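To start, the structure under review is shown below, and the notes come after it.
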Amino acid sequence: MASLDALIQRNAGSLGTLADAEHYHEPVMIDADDTEALLAGLQRMILIRVVEEKIGDMVSQGVVKCPCHLAIGQEAPAVGVASYVRQGDRVFGAHRSHSHFLALGGSPHGLLAEVQGKDTGVSRGMGGSMHLIDIPNGLYGTVPIVGATIPIAVGAGLAAKMDGNGAMAVSFFGDGATEEGVFHESMNLAALMKIPVLFVCENNFFSSHLHIALRQPDASVCRYAEAHRIEWARADGNDLAAVRAVTREAVAAIRAGDGPRFLELVTYRWRGHVGHREDEDVGVKRKDDLAVWKLRDPISRLAVALEDIGALNRQQLKQFWTEAHVVVEEAWATATHDGYPPAKALLSRVYSGTMANKQ
Amino acid sequence: MASLDALIQRNAGSLGTLADAEHYHEPVMIDADDTEALLAGLQRMILIRVVEEKIGDMVSQGVVKCPCHLAIGQEAPAVGVASYVRQGDRVFGAHRSHSHFLALGGSPHGLLAEVQGKDTGVSRGMGGSMHLIDIPNGLYGTVPIVGATIPIAVGAGLAAKMDGNGAMAVSFFGDGATEEGVFHESMNLAALMKIPVLFVCENNFFSSHLHIALRQPDASVCRYAEAHRIEWARADGNDLAAVRAVTREAVAAIRAGDGPRFLELVTYRWRGHVGHREDEDVGVKRKDDLAVWKLRDPISRLAVALEDIGALNRQQLKQFWTEAHVVVEEAWATATHDGYPPAKALLSRVYSGTMANKQ
Amino acid sequence: MKKAAATTGYGAAIRDGFEHLLANHSEVFTIGQGLWSPWYVGNSMTDLDSQFGRERVIDTPVSELGCTGAALGAALCGYRPVVIHPRVDFMLLAVDQIVTQAAKWRSMFGGQVSAPITIRAIINRGGEQGAQHSQSLQSWFAHIPGLRVVMPSTPTDARDLLIASVLSDDPVLYLDDRWLYGLEEKLPPIQERNLADEGPRLTRTGPDLTMVGCSYSAHLCREAAARLSANGIECDVIDLRVLNPLDATLIISSVKKTGRLLAVDGDWRSCGMAAEVIASIAEALDPRVMRAAPRRVTLPDAPAPTSNPLERSYYPTVDYIVQRGLALVGAQQETFE
Amino acid sequence: MKKAAATTGYGAAIRDGFEHLLANHSEVFTIGQGLWSPWYVGNSMTDLDSQFGRERVIDTPVSELGCTGAALGAALCGYRPVVIHPRVDFMLLAVDQIVTQAAKWRSMFGGQVSAPITIRAIINRGGEQGAQHSQSLQSWFAHIPGLRVVMPSTPTDARDLLIASVLSDDPVLYLDDRWLYGLEEKLPPIQERNLADEGPRLTRTGPDLTMVGCSYSAHLCREAAARLSANGIECDVIDLRVLNPLDATLIISSVKKTGRLLAVDGDWRSCGMAAEVIASIAEALDPRVMRAAPRRVTLPDAPAPTSNPLERSYYPTVDYIVQRGLALVGAQQETFE
Ligand SMILES: Cc1ncc(C[n+]2csc(CCOP(=O)(O)OP(=O)(O)O)c2C)c(N)n1
Ligand SMILES: Cc1ncc(C[n+]2csc(CCOP(=O)(O)OP(=O)(O)O)c2C)c(N)n1
Ligand SMILES: [Mg+2]
Ligand SMILES: [Mg+2]
């Protein structure tokens, strides 16, 4: 489809080389960042990768039945942003949010139990992969209606503003979500009311099977932040140090009372829109691109960079992967033996029936 | 409310002097435009003014009961854009659309009968002021749900594109409508599919009682066209020649197959959001501003300009006004004697029950 | 209605409710279109912005979906927002946040979160406003598990059920009707009630006929009952008050007694609230207790017209309800279009 | 279902309908999410884009409201668009354009315009998808005057009612259910029918009990009727097919005969389609013809769960309907939660 190739080229717009799979295969630049934080981030990205692969396997074996949207290849945005989330902040995600859950410190067992519909799951077996919550770690909800959590995050930011405690809200969403009108309504509201909310768009070029060139006139979504007068930054979403750098600055401004900020993190998913397969339901060109995109691997690019400065050696790296596998296999094993929600859970969780205490 | 003044100043953004009531009181520049067309436009603006004032009076007397949103002071955008609408084009409006109806050549009697709920009204008494239709003149519908006709106009443009006959669709809406998410969805769709549609935003600074400074971070809405990669132009919406100039260029591009265009026409309404009163339900500052805004009168500024070049004399001008009053009074008188829709109209107009003829 | 001394109107009573909430519950705030306007929401929120500050009485851009979602977000974070839609018709743009988000988050997340959001919408019809400025659609929202639906028909309920709605830990749709703003009554002292304990109420009793309605329809039923009484027909009148979840016990016991049911609703007929009332008793009662077939009085199957004569024939009236009541007790098997 | 030779599945039959429309009616086009995807709308539109071109089979951005409005605009200008929403849940973002625009434009403009738009949405539930990917909500749309609501339960109807919907000059909501895609049957030649002449259909007859359902529920009723027959209970089974405007004549005459009614619906209970069916017969029949109180089988009053055991107990099954049927004929006055 040469014509589509041409269209995609034209459409790359302000993304420039970030839209081109051929670039950014080299190790990431880390000299400006903190080595300890990067090592922790690397471990967290590895954990996400291993959990997602495990879920993918279980989906392929038909053991996990709920629809799972895997974030393999997109580990850096979640981990980079999460590293600046602190106690009291509220984070919201969407359908592809295992990564957000784990990046914030969520328990692999809680997630693996949830995707099996167990009562021990993070949503007590009522939500599955697409509805995750983990309030102790600041994850206030992820839902699969595209765009739905964007205004909700703005409201959480409004609450933080009213609380006046310097907390913020974070909204993770994809490039497809920017096509929902509510995204714009939310941006305008946040800009108008100077609400402390960080909008994080993980631009992976796809909304299910459709490349952004077939959905929008320009592949970069920062133009929307521009229109709504919200300061924005763009980064290689497969470069943890770069993600941390733009997040650091944005979060500082938000906590200083400057109002909302917008981040566009350019990345790519390695699996199909939903499920475990690599090339399922994908847009044209994807098959051929995927191999090249994999060279922009957020994990190996960071690992090599850390090795280069001697902050990491092969041994430790292997160790990280082994540990992750051990953790995940244990969590999975436990979860499989956990029980399902009781029959009464169906009706007993609909209403609270309670009311506010008098003041 | 000095603080609001300050806010409004800051908020004026790229509108510059267009946002300042003190400017543009002088006669409009007409040398670049066609005198005949301007004279016709002047007459049409006078007709709109007279009809709207008549309706206002009848509202104040309680004779007209349906909610009427008057366009007094905003005659130029309707007349200027309509002068480039041709047979086959489809135009859509909103709640403040008497001006669009009349500018396209709609019959004063049809409008005055409709606001009285008569069977002879343009919507056969089923719509009132807020639901006008006049297919022979290209008006395909005006409705009061803010933003609702924007995607509908895009669909009409899509139909024109499929027909391939060089026709276009026109969507009239206000600055408040740009806060509805569907406005953005429609702009993206039009840009993506290169749909022949002209978006016309009559920016009068207000959405009912709220000044745009209290609703958006910047008083100019062209930034949205910019974001959606739609070429735009801005003009003094109270200068018929200026409106005609930007429309001429935009329409030529649309008919040439360039896709959508966006116009921001800066204007001001002289009456309250709804009803006949000048200062009803208005935002702060409006009372004091109104007097100054009236000096930016689209009618007198054009009349004087035409007089200056000797294309018009006092006599003729007086004539225009008298003729308009005669037309309107006659139309009103007839309409008052017209009958109401029959009782069966309530149920007989809900479904057609018909189907396409086989082909 | 004549204004007796020391009485309060329906709209003013709503304002009293807001005043109580804002004064006594710091986690309550209000957000919606027209909150800084002198006329947008009638007299139901006049000057609350100057009294409590524009940080707690927030006027908004024309963004129903975004503003409703924002209110929900604040509700998940310790606040009790009331998001106001000056018309039900405008609220329809926010259906996703109300029905697919607010109503489901609690159950969807295993009961770990509450969404104490109140969505207040105003039924604002008549006055030749036409098809897009007339809908009520309570039947839609009463269809949704997880969403409590409240429709007060008296000033006291308008105030106290608003308070109960906002203090409820569940999402609540609170609908008030502009046609009731003229109602006046002497208000008792405010009581903070648990909405979960509130439900339909018997506002008049009689052996001959059960009339059920909510909001303005409950008011019409009361008026019609008085007229029927003059004709020697005594009615049970039930004001639904809380439409969802619906507790039909009172209706069932009443119809068991009267054997006759007239379900009145200002919404459309098909799959409407009046259908629910009839279905509830049909399922619960031995058919033999019915002395006549139950009847519905609803809107005709058409969008609202503007033209005055058509508009007058469009909405149920006391006269029409009285007629239907007489016919029912006469038990003629008549059908109406 | 086993696939016999020369039979067509429900999904493929829908595709046949689209193929007929696109091949024979140049004013028909389709627009919606997933139309260029191999899986998004099951096998109901496979390769239509390559067969008829991407100008007439248009895939879209994630903008339900905008795309539905655009389809309506084209419908007002001489086209017969079918706007496709792969899930009812997504369509809720487009409610304003469906309910406040498409359904009202004709009456609102004095009958001078037609809006021959078909909104097709797919009920896609089960598979542990959860609360936001499971709604059907036909009861909502059957509540709206001006909107025809069509729900086929067989491959033939899936094809022919789609064609009738698109050729109707009125706005139509066409809902198909993924759970029916496995159904196969031998299709008769295509007939272009006037949707205004289509309505409920009696698909099985018997003197003991009337079972009414639509779409997948009609299928369950047919299966249950077969099982009941084995128990010596013979049922009338009515497939609603067209929910709005509803022609209840057939249901009324059937219940007049059987004196027993089981209304089955895969939507929620309160103000639902099952309530409408019961209310329609309760109003129309002398109560004395009823040999037992009518009953509803619907979803429980809760959002859809994900966990497999809960999900299995959430949706009505043939077993459950059979039980209810037996109970009804036994006429025990039992209540179910
Ligand atoms: C309102 C709504 N419309 C459509 C869908 C179907 N859908 C699920 S995920 C998705 C793609 C979203 O793309 P993006 O936001 O870029 O997220 P990504 O999948 O790339 O992570 C779509 C269209 C939905 N879930 N909700
Ligand atoms: C969806 C919706 N929300 C709110 C309203 C109430 N409303 C009617 S007109 C209007 C103001 C719109 O402002 P603008 O678009 O600038 O048009 P203007 O009145 O200035 O001509 C509003 C908010 C409505 N009619 N529809
Ligand atoms: Mg994406
Ligand atoms: Mg305006």
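Ordered as shown in the structure tokens, chains take letters A, B, and onward, while each chain numbers its residues from 1 and ligands are numbered from 1 in the order shown.
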Practice problem: Tell me which protein, DNA and RNA residues are within 12 Å of Glu311 of chain D, counting only C-alpha atoms, leaving out same-chain ones fewer than 5 positions away, and put them as an MDAnalysis selection string. | Solution: (chainID A and resid 66 117 125:128 340:343 345:346) or (chainID D and resid 125:131 134 299:300 302:306 316:317)
Export of the given selection (N, CA and C atoms) as a PDB file, in the first residue's frame:
ATOM      1  N   CYS A  66     -10.920 -12.901  30.055  1.00  0.00           N
ATOM      2  CA  CYS A  66     -11.355 -11.510  29.863  1.00  0.00           C
ATOM      3  C   CYS A  66     -10.445 -10.844  28.830  1.00  0.00           C
ATOM      4  N   GLY A 117     -10.601 -13.382  37.509  1.00  0.00           N
ATOM      5  CA  GLY A 117     -11.922 -13.192  38.103  1.00  0.00           C
ATOM      6  C   GLY A 117     -12.024 -13.694  39.537  1.00  0.00           C
ATOM      7  N   GLY A 125     -12.530  -9.282  41.671  1.00  0.00           N
ATOM      8  CA  GLY A 125     -13.095 -10.172  40.656  1.00  0.00           C
ATOM      9  C   GLY A 125     -14.261  -9.588  39.882  1.00  0.00           C
ATOM     10  N   MET A 126     -14.558  -8.315  40.125  1.00  0.00           N
ATOM     11  CA  MET A 126     -15.710  -7.705  39.438  1.00  0.00           C
ATOM     12  C   MET A 126     -15.307  -6.934  38.183  1.00  0.00           C
ATOM     13  N   GLY A 127     -14.006  -6.784  37.939  1.00  0.00           N
ATOM     14  CA  GLY A 127     -13.597  -5.899  36.852  1.00  0.00           C
ATOM     15  C   GLY A 127     -12.771  -6.535  35.745  1.00  0.00           C
ATOM     16  N   GLY A 128     -11.939  -7.495  36.107  1.00  0.00           N
ATOM     17  CA  GLY A 128     -11.069  -8.077  35.094  1.00  0.00           C
ATOM     18  C   GLY A 128     -10.015  -7.081  34.637  1.00  0.00           C
ATOM     19  N   TYR A 340     -13.395 -17.644  43.866  1.00  0.00           N
ATOM     20  CA  TYR A 340     -14.179 -16.673  43.107  1.00  0.00           C
ATOM     21  C   TYR A 340     -15.041 -15.844  44.062  1.00  0.00           C
ATOM     22  N   PRO A 341     -15.543 -14.715  43.611  1.00  0.00           N
ATOM     23  CA  PRO A 341     -16.439 -13.920  44.472  1.00  0.00           C
ATOM     24  C   PRO A 341     -17.671 -14.740  44.822  1.00  0.00           C
ATOM     25  N   PRO A 342     -18.241 -14.526  46.029  1.00  0.00           N
ATOM     26  CA  PRO A 342     -19.455 -15.254  46.414  1.00  0.00           C
ATOM     27  C   PRO A 342     -20.627 -14.826  45.534  1.00  0.00           C
ATOM     28  N   ALA A 343     -21.617 -15.687  45.400  1.00  0.00           N
ATOM     29  CA  ALA A 343     -22.776 -15.396  44.545  1.00  0.00           C
ATOM     30  C   ALA A 343     -23.421 -14.061  44.923  1.00  0.00           C
ATOM     31  N   ALA A 345     -22.165 -11.412  45.783  1.00  0.00           N
ATOM     32  CA  ALA A 345     -21.396 -10.232  45.366  1.00  0.00           C
ATOM     33  C   ALA A 345     -22.087  -9.505  44.213  1.00  0.00           C
ATOM     34  N   LEU A 346     -22.854 -10.268  43.433  1.00  0.00           N
ATOM     35  CA  LEU A 346     -23.509  -9.667  42.271  1.00  0.00           C
ATOM     36  C   LEU A 346     -24.420  -8.513  42.686  1.00  0.00           C
TER      37      LEU A 346
ATOM     38  N   ARG D 125     -21.762  -9.072  24.642  1.00  0.00           N
ATOM     39  CA  ARG D 125     -21.665  -9.286  26.097  1.00  0.00           C
ATOM     40  C   ARG D 125     -21.096 -10.654  26.409  1.00  0.00           C
ATOM     41  N   GLY D 126     -20.903 -10.903  27.695  1.00  0.00           N
ATOM     42  CA  GLY D 126     -20.316 -12.182  28.087  1.00  0.00           C
ATOM     43  C   GLY D 126     -18.808 -12.152  27.910  1.00  0.00           C
ATOM     44  N   GLY D 127     -18.162 -13.319  28.021  1.00  0.00           N
ATOM     45  CA  GLY D 127     -16.717 -13.376  27.831  1.00  0.00           C
ATOM     46  C   GLY D 127     -15.952 -12.544  28.841  1.00  0.00           C
ATOM     47  N   GLU D 128     -16.548 -12.380  30.034  1.00  0.00           N
ATOM     48  CA  GLU D 128     -15.881 -11.644  31.127  1.00  0.00           C
ATOM     49  C   GLU D 128     -15.501 -10.221  30.717  1.00  0.00           C
ATOM     50  N   GLN D 129     -16.320  -9.617  29.868  1.00  0.00           N
ATOM     51  CA  GLN D 129     -15.998  -8.259  29.414  1.00  0.00           C
ATOM     52  C   GLN D 129     -16.402  -7.191  30.425  1.00  0.00           C
ATOM     53  N   GLY D 130     -17.399  -7.506  31.227  1.00  0.00           N
ATOM     54  CA  GLY D 130     -17.713  -6.614  32.324  1.00  0.00           C
ATOM     55  C   GLY D 130     -18.708  -5.511  32.031  1.00  0.00           C
ATOM     56  N   ALA D 131     -18.898  -4.675  33.039  1.00  0.00           N
ATOM     57  CA  ALA D 131     -20.012  -3.729  33.119  1.00  0.00           C
ATOM     58  C   ALA D 131     -20.096  -2.747  31.948  1.00  0.00           C
ATOM     59  N   SER D 134     -21.279  -4.609  27.931  1.00  0.00           N
ATOM     60  CA  SER D 134     -22.319  -5.630  28.057  1.00  0.00           C
ATOM     61  C   SER D 134     -23.737  -5.110  27.907  1.00  0.00           C
ATOM     62  N   LEU D 299     -32.518  -9.330  33.280  1.00  0.00           N
ATOM     63  CA  LEU D 299     -31.245  -9.308  34.001  1.00  0.00           C
ATOM     64  C   LEU D 299     -31.527  -8.956  35.453  1.00  0.00           C
ATOM     65  N   PRO D 300     -30.671  -9.391  36.375  1.00  0.00           N
ATOM     66  CA  PRO D 300     -30.795  -8.917  37.751  1.00  0.00           C
ATOM     67  C   PRO D 300     -30.450  -7.423  37.825  1.00  0.00           C
ATOM     68  N   ALA D 302     -28.266  -5.328  38.519  1.00  0.00           N
ATOM     69  CA  ALA D 302     -26.840  -5.088  38.755  1.00  0.00           C
ATOM     70  C   ALA D 302     -26.128  -4.910  37.418  1.00  0.00           C
ATOM     71  N   PRO D 303     -25.027  -4.152  37.431  1.00  0.00           N
ATOM     72  CA  PRO D 303     -24.185  -4.089  36.233  1.00  0.00           C
ATOM     73  C   PRO D 303     -23.618  -5.484  35.950  1.00  0.00           C
ATOM     74  N   ALA D 304     -23.183  -5.728  34.736  1.00  0.00           N
ATOM     75  CA  ALA D 304     -22.624  -7.038  34.384  1.00  0.00           C
ATOM     76  C   ALA D 304     -21.299  -7.256  35.113  1.00  0.00           C
ATOM     77  N   PRO D 305     -21.137  -8.426  35.720  1.00  0.00           N
ATOM     78  CA  PRO D 305     -19.868  -8.761  36.381  1.00  0.00           C
ATOM     79  C   PRO D 305     -18.892  -9.343  35.351  1.00  0.00           C
ATOM     80  N   THR D 306     -17.649  -9.552  35.763  1.00  0.00           N
ATOM     81  CA  THR D 306     -16.715 -10.223  34.864  1.00  0.00           C
ATOM     82  C   THR D 306     -16.508 -11.675  35.290  1.00  0.00           C
ATOM     83  N   PRO D 316     -30.113 -14.620  31.637  1.00  0.00           N
ATOM     84  CA  PRO D 316     -31.190 -15.627  31.567  1.00  0.00           C
ATOM     85  C   PRO D 316     -30.756 -16.823  30.718  1.00  0.00           C
ATOM     86  N   THR D 317     -31.180 -18.003  31.140  1.00  0.00           N
ATOM     87  CA  THR D 317     -30.848 -19.226  30.402  1.00  0.00           C
ATOM     88  C   THR D 317     -32.133 -19.972  30.060  1.00  0.00           C
TER      89      THR D 317
END
Exercise. Using only C-alpha atoms, determine which residues lie at most 12 Å from segment 17-20 of chain C, disregarding the query and same-chain residues fewer than 3 positions distant; provide the list as a ChimeraX atom specification.
Key: /A:359 /C:8,10-14,23-26,28-30,43-52,56-57,80-82,84,118,120,155-167,187,189-192
Quiz item: Which residue, D:Met91, D:Ile58, D:Leu220, D:Val99, has the smallest gap to Trp36 of chain D when you use only C-alpha atoms?
Solution: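 Under the stated criterion, the closest residue is D:Ile58.
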Quiz item: If you count only C-alpha atoms and all ligand atoms, which residues end up within 8 Å of ligand 1, as JSON, numbers by chain?
Solution: {"A": [69, 71, 94, 95, 96, 144, 145, 146, 147, 148, 173, 174, 175, 176, 177, 178, 180, 202, 203, 204, 205, 206, 207, 208, 269, 273], "D": [33, 61, 62, 63, 64, 86, 87, 89, 90, 91, 93, 133]}
Written file, previous selection with N, CA, C and O atoms, as a compact mmCIF listing (two decimals), in the first residue's frame:
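Generated output (selection39.txt):
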# COMPACT_ATOMS: atom_id res chain seq x y z
N HIS A 69 -5.54 -6.10 27.06
CA HIS A 69 -4.80 -5.22 26.16
C HIS A 69 -3.40 -5.06 26.74
O HIS A 69 -3.23 -4.37 27.75
N ALA A 71 0.58 -4.11 27.32
CA ALA A 71 1.40 -2.90 27.14
C ALA A 71 2.85 -3.25 26.84
O ALA A 71 3.74 -2.42 27.04
N ALA A 94 -6.85 3.52 31.40
CA ALA A 94 -7.89 3.12 30.47
C ALA A 94 -7.92 1.60 30.31
O ALA A 94 -7.83 0.86 31.29
N HIS A 95 -8.00 1.15 29.08
CA HIS A 95 -8.11 -0.30 28.84
C HIS A 95 -6.75 -0.98 28.85
O HIS A 95 -6.66 -2.17 29.08
N ARG A 96 -5.69 -0.21 28.58
CA ARG A 96 -4.36 -0.82 28.51
C ARG A 96 -3.55 -0.34 29.71
O ARG A 96 -2.61 0.43 29.57
N PRO A 144 -12.50 0.82 30.30
CA PRO A 144 -12.33 0.65 28.86
C PRO A 144 -13.14 1.57 27.95
O PRO A 144 -12.95 1.52 26.73
N ILE A 145 -14.02 2.40 28.50
CA ILE A 145 -14.69 3.35 27.61
C ILE A 145 -13.66 4.43 27.28
O ILE A 145 -13.19 5.15 28.17
N VAL A 146 -13.29 4.49 26.02
CA VAL A 146 -12.21 5.38 25.60
C VAL A 146 -12.51 6.83 25.98
O VAL A 146 -13.59 7.35 25.67
N GLY A 147 -11.58 7.44 26.66
CA GLY A 147 -11.71 8.85 27.03
C GLY A 147 -12.44 9.09 28.34
O GLY A 147 -12.37 10.20 28.89
N ALA A 148 -13.12 8.08 28.85
CA ALA A 148 -14.01 8.30 30.00
C ALA A 148 -13.27 8.78 31.25
O ALA A 148 -13.82 9.56 32.03
N PHE A 173 -3.86 8.16 28.77
CA PHE A 173 -4.77 7.78 27.67
C PHE A 173 -3.97 7.63 26.39
O PHE A 173 -2.77 7.96 26.36
N GLY A 174 -4.60 7.14 25.36
CA GLY A 174 -3.90 6.92 24.10
C GLY A 174 -4.25 7.95 23.05
O GLY A 174 -5.10 8.81 23.25
N ASP A 175 -3.61 7.83 21.91
CA ASP A 175 -3.86 8.77 20.80
C ASP A 175 -5.31 8.68 20.32
O ASP A 175 -5.91 9.69 19.92
N GLY A 176 -5.89 7.49 20.38
CA GLY A 176 -7.28 7.35 19.94
C GLY A 176 -8.22 8.17 20.81
O GLY A 176 -9.21 8.73 20.33
N ALA A 177 -7.92 8.25 22.10
CA ALA A 177 -8.79 8.97 23.03
C ALA A 177 -8.89 10.45 22.70
O ALA A 177 -9.86 11.12 23.06
N THR A 178 -7.88 10.97 21.98
CA THR A 178 -7.93 12.41 21.65
C THR A 178 -9.00 12.69 20.59
O THR A 178 -9.26 13.85 20.27
N GLU A 180 -12.10 11.62 21.01
CA GLU A 180 -13.35 11.75 21.74
C GLU A 180 -13.52 13.21 22.16
O GLU A 180 -12.60 13.79 22.75
N GLU A 202 -0.09 8.43 25.61
CA GLU A 202 0.83 7.44 25.06
C GLU A 202 0.46 7.27 23.59
O GLU A 202 -0.46 6.53 23.26
N ASN A 203 1.17 7.98 22.74
CA ASN A 203 0.88 7.92 21.32
C ASN A 203 1.62 6.74 20.70
O ASN A 203 2.82 6.80 20.44
N ASN A 204 0.87 5.65 20.46
CA ASN A 204 1.47 4.45 19.85
C ASN A 204 1.00 4.29 18.40
O ASN A 204 1.07 3.21 17.84
N PHE A 205 0.46 5.37 17.86
CA PHE A 205 0.06 5.44 16.44
C PHE A 205 -1.21 4.65 16.09
O PHE A 205 -1.76 4.84 15.01
N PHE A 206 -1.65 3.79 16.98
CA PHE A 206 -2.80 2.96 16.63
C PHE A 206 -3.98 3.13 17.57
O PHE A 206 -3.82 3.31 18.78
N SER A 207 -5.15 3.08 16.99
CA SER A 207 -6.39 2.90 17.72
C SER A 207 -6.94 1.60 17.14
O SER A 207 -7.36 1.56 15.98
N SER A 208 -6.84 0.57 17.92
CA SER A 208 -7.06 -0.80 17.46
C SER A 208 -6.38 -1.02 16.11
O SER A 208 -5.16 -0.94 16.02
N ARG A 269 3.11 -0.42 20.45
CA ARG A 269 2.80 -1.68 21.16
C ARG A 269 3.23 -2.87 20.34
O ARG A 269 3.14 -2.88 19.12
N HIS A 273 -3.99 -5.20 19.24
CA HIS A 273 -4.78 -4.30 20.07
C HIS A 273 -5.28 -5.01 21.33
O HIS A 273 -5.16 -4.49 22.43
N GLN D 33 -16.95 2.60 13.41
CA GLN D 33 -15.66 2.08 13.85
C GLN D 33 -15.51 0.61 13.53
O GLN D 33 -16.39 -0.19 13.82
N PRO D 61 -12.58 7.67 13.05
CA PRO D 61 -11.93 7.94 14.33
C PRO D 61 -12.86 7.53 15.48
O PRO D 61 -14.02 7.16 15.25
N VAL D 62 -12.35 7.59 16.70
CA VAL D 62 -13.14 7.22 17.88
C VAL D 62 -13.99 8.42 18.29
O VAL D 62 -13.69 9.12 19.25
N SER D 63 -15.04 8.68 17.52
CA SER D 63 -15.88 9.87 17.70
C SER D 63 -17.34 9.50 17.45
O SER D 63 -17.90 9.86 16.42
N GLU D 64 -17.94 8.80 18.40
CA GLU D 64 -19.29 8.28 18.19
C GLU D 64 -20.31 9.37 17.90
O GLU D 64 -21.15 9.23 17.00
N PRO D 86 -19.96 -0.70 17.16
CA PRO D 86 -19.64 -2.10 17.46
C PRO D 86 -20.15 -2.57 18.82
O PRO D 86 -20.18 -3.76 19.08
N ARG D 87 -20.51 -1.63 19.66
CA ARG D 87 -21.12 -1.97 20.95
C ARG D 87 -22.16 -0.93 21.30
O ARG D 87 -21.94 0.26 21.10
N ASP D 89 -22.69 0.03 24.20
CA ASP D 89 -22.07 0.90 25.22
C ASP D 89 -21.41 2.12 24.58
O ASP D 89 -21.44 3.21 25.14
N PHE D 90 -20.80 1.93 23.41
CA PHE D 90 -20.13 3.07 22.76
C PHE D 90 -21.17 4.03 22.19
O PHE D 90 -20.98 5.24 22.18
N MET D 91 -22.26 3.46 21.71
CA MET D 91 -23.32 4.26 21.10
C MET D 91 -23.90 5.28 22.08
O MET D 91 -24.46 6.31 21.66
N LEU D 93 -22.59 7.42 23.73
CA LEU D 93 -22.01 8.74 23.56
C LEU D 93 -22.72 9.53 22.46
O LEU D 93 -22.56 10.73 22.33
N HIS D 133 -19.00 -3.23 28.82
CA HIS D 133 -19.00 -3.88 27.51
C HIS D 133 -20.07 -4.96 27.47
O HIS D 133 -19.81 -6.08 27.04
Quiz item: Counting only C-alpha atoms, which residues of chain C come no farther than 6 Å from chain D, as a ChimeraX atom specification?
Solution: /C:93,96,139-140,143,145,270-273,275-276,278-279,283,286-287,293-295,301-302
Quiz prompt | Contacts of His98 of chain B at 12 Å (only C-alpha atoms; same-chain gap of 4+ positions) as an NGL selection string | solution = :B and (45 or 47-53 or 55-56 or 68-72 or 74-75 or 78-79 or 92-94 or 102-108 or 110-112 or 114-115 or 122 or 128-134 or 139 or 141-143 or 172)
Practice problem: DSSP on the backbone, then: every residue of segment 71-319 of chain A marked helix (DSSP H, G or I), written as a PyMOL selection string. | Solution: chain A and resi 75-82+98-103+108-114+128-130+135-137+149-163+176-179+181-192+212-214+222-227+240-255+286-296+298-308+314-319
Exercise. Measure the distance from atom CA of Ser352 of chain B to atom CA of Arg124 of chain B in Å and round it to one decimal.
Key: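 Taking atom CA of Ser352 of chain B and atom CA of Arg124 of chain B, their separation equals 15.9 Å.
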Exercise. Starting from chain A, keep only residues with some atom at most 12 Å from an atom of chain B, counting only C-alpha atoms, and report them as JSON, numbers by chain.
Key: {"A": [7, 11, 13, 147, 151, 176, 177, 178, 179, 180, 181, 182, 183, 184, 185, 186, 187, 188, 189, 190, 191, 192, 193, 194, 212, 213, 214, 215, 216, 217, 218, 219, 220, 221, 222, 223, 224, 225, 226, 227, 228, 229, 230, 259]}
Quiz item: Out of C:Leu76, C:Val83, C:Ala248, C:Ala327, which residue has the shortest atom-to-atom distance to chain A when counting only C-alpha atoms?
Solution: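 The shortest atom-to-atom distance to chain A comes from C:Leu76.
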Exercise. Counting only C-alpha atoms, figure out which residue out of C:Arg260, C:Ala115, C:Pro207, C:Leu250 gets nearest to Ala70 of chain C.
Key: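 Result for the nearest residue to Ala70 of chain C: C:Ala115.
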Quiz item: Taking into account only C-alpha atoms and all ligand atoms, which residue in the set B:Pro298, B:Pro27, B:Gly353, B:Gly272 is nearest to ligand 4?
Solution: B:Gly272
Quiz item: Which neighbours of Cys214 of chain C fall inside 9 Å, counting only C-alpha atoms, when residues of the same chain fewer than 5 positions from it are skipped, and could you give them as number ranges by chain?
Solution: C: 151-153, 200, 219, 238-243, 264-266
Exercise. Rounded to one decimal place, report the atom CA of Asp208 of chain D-atom CA of Thr154 of chain D distance in Å.
Key: 24.4 Å
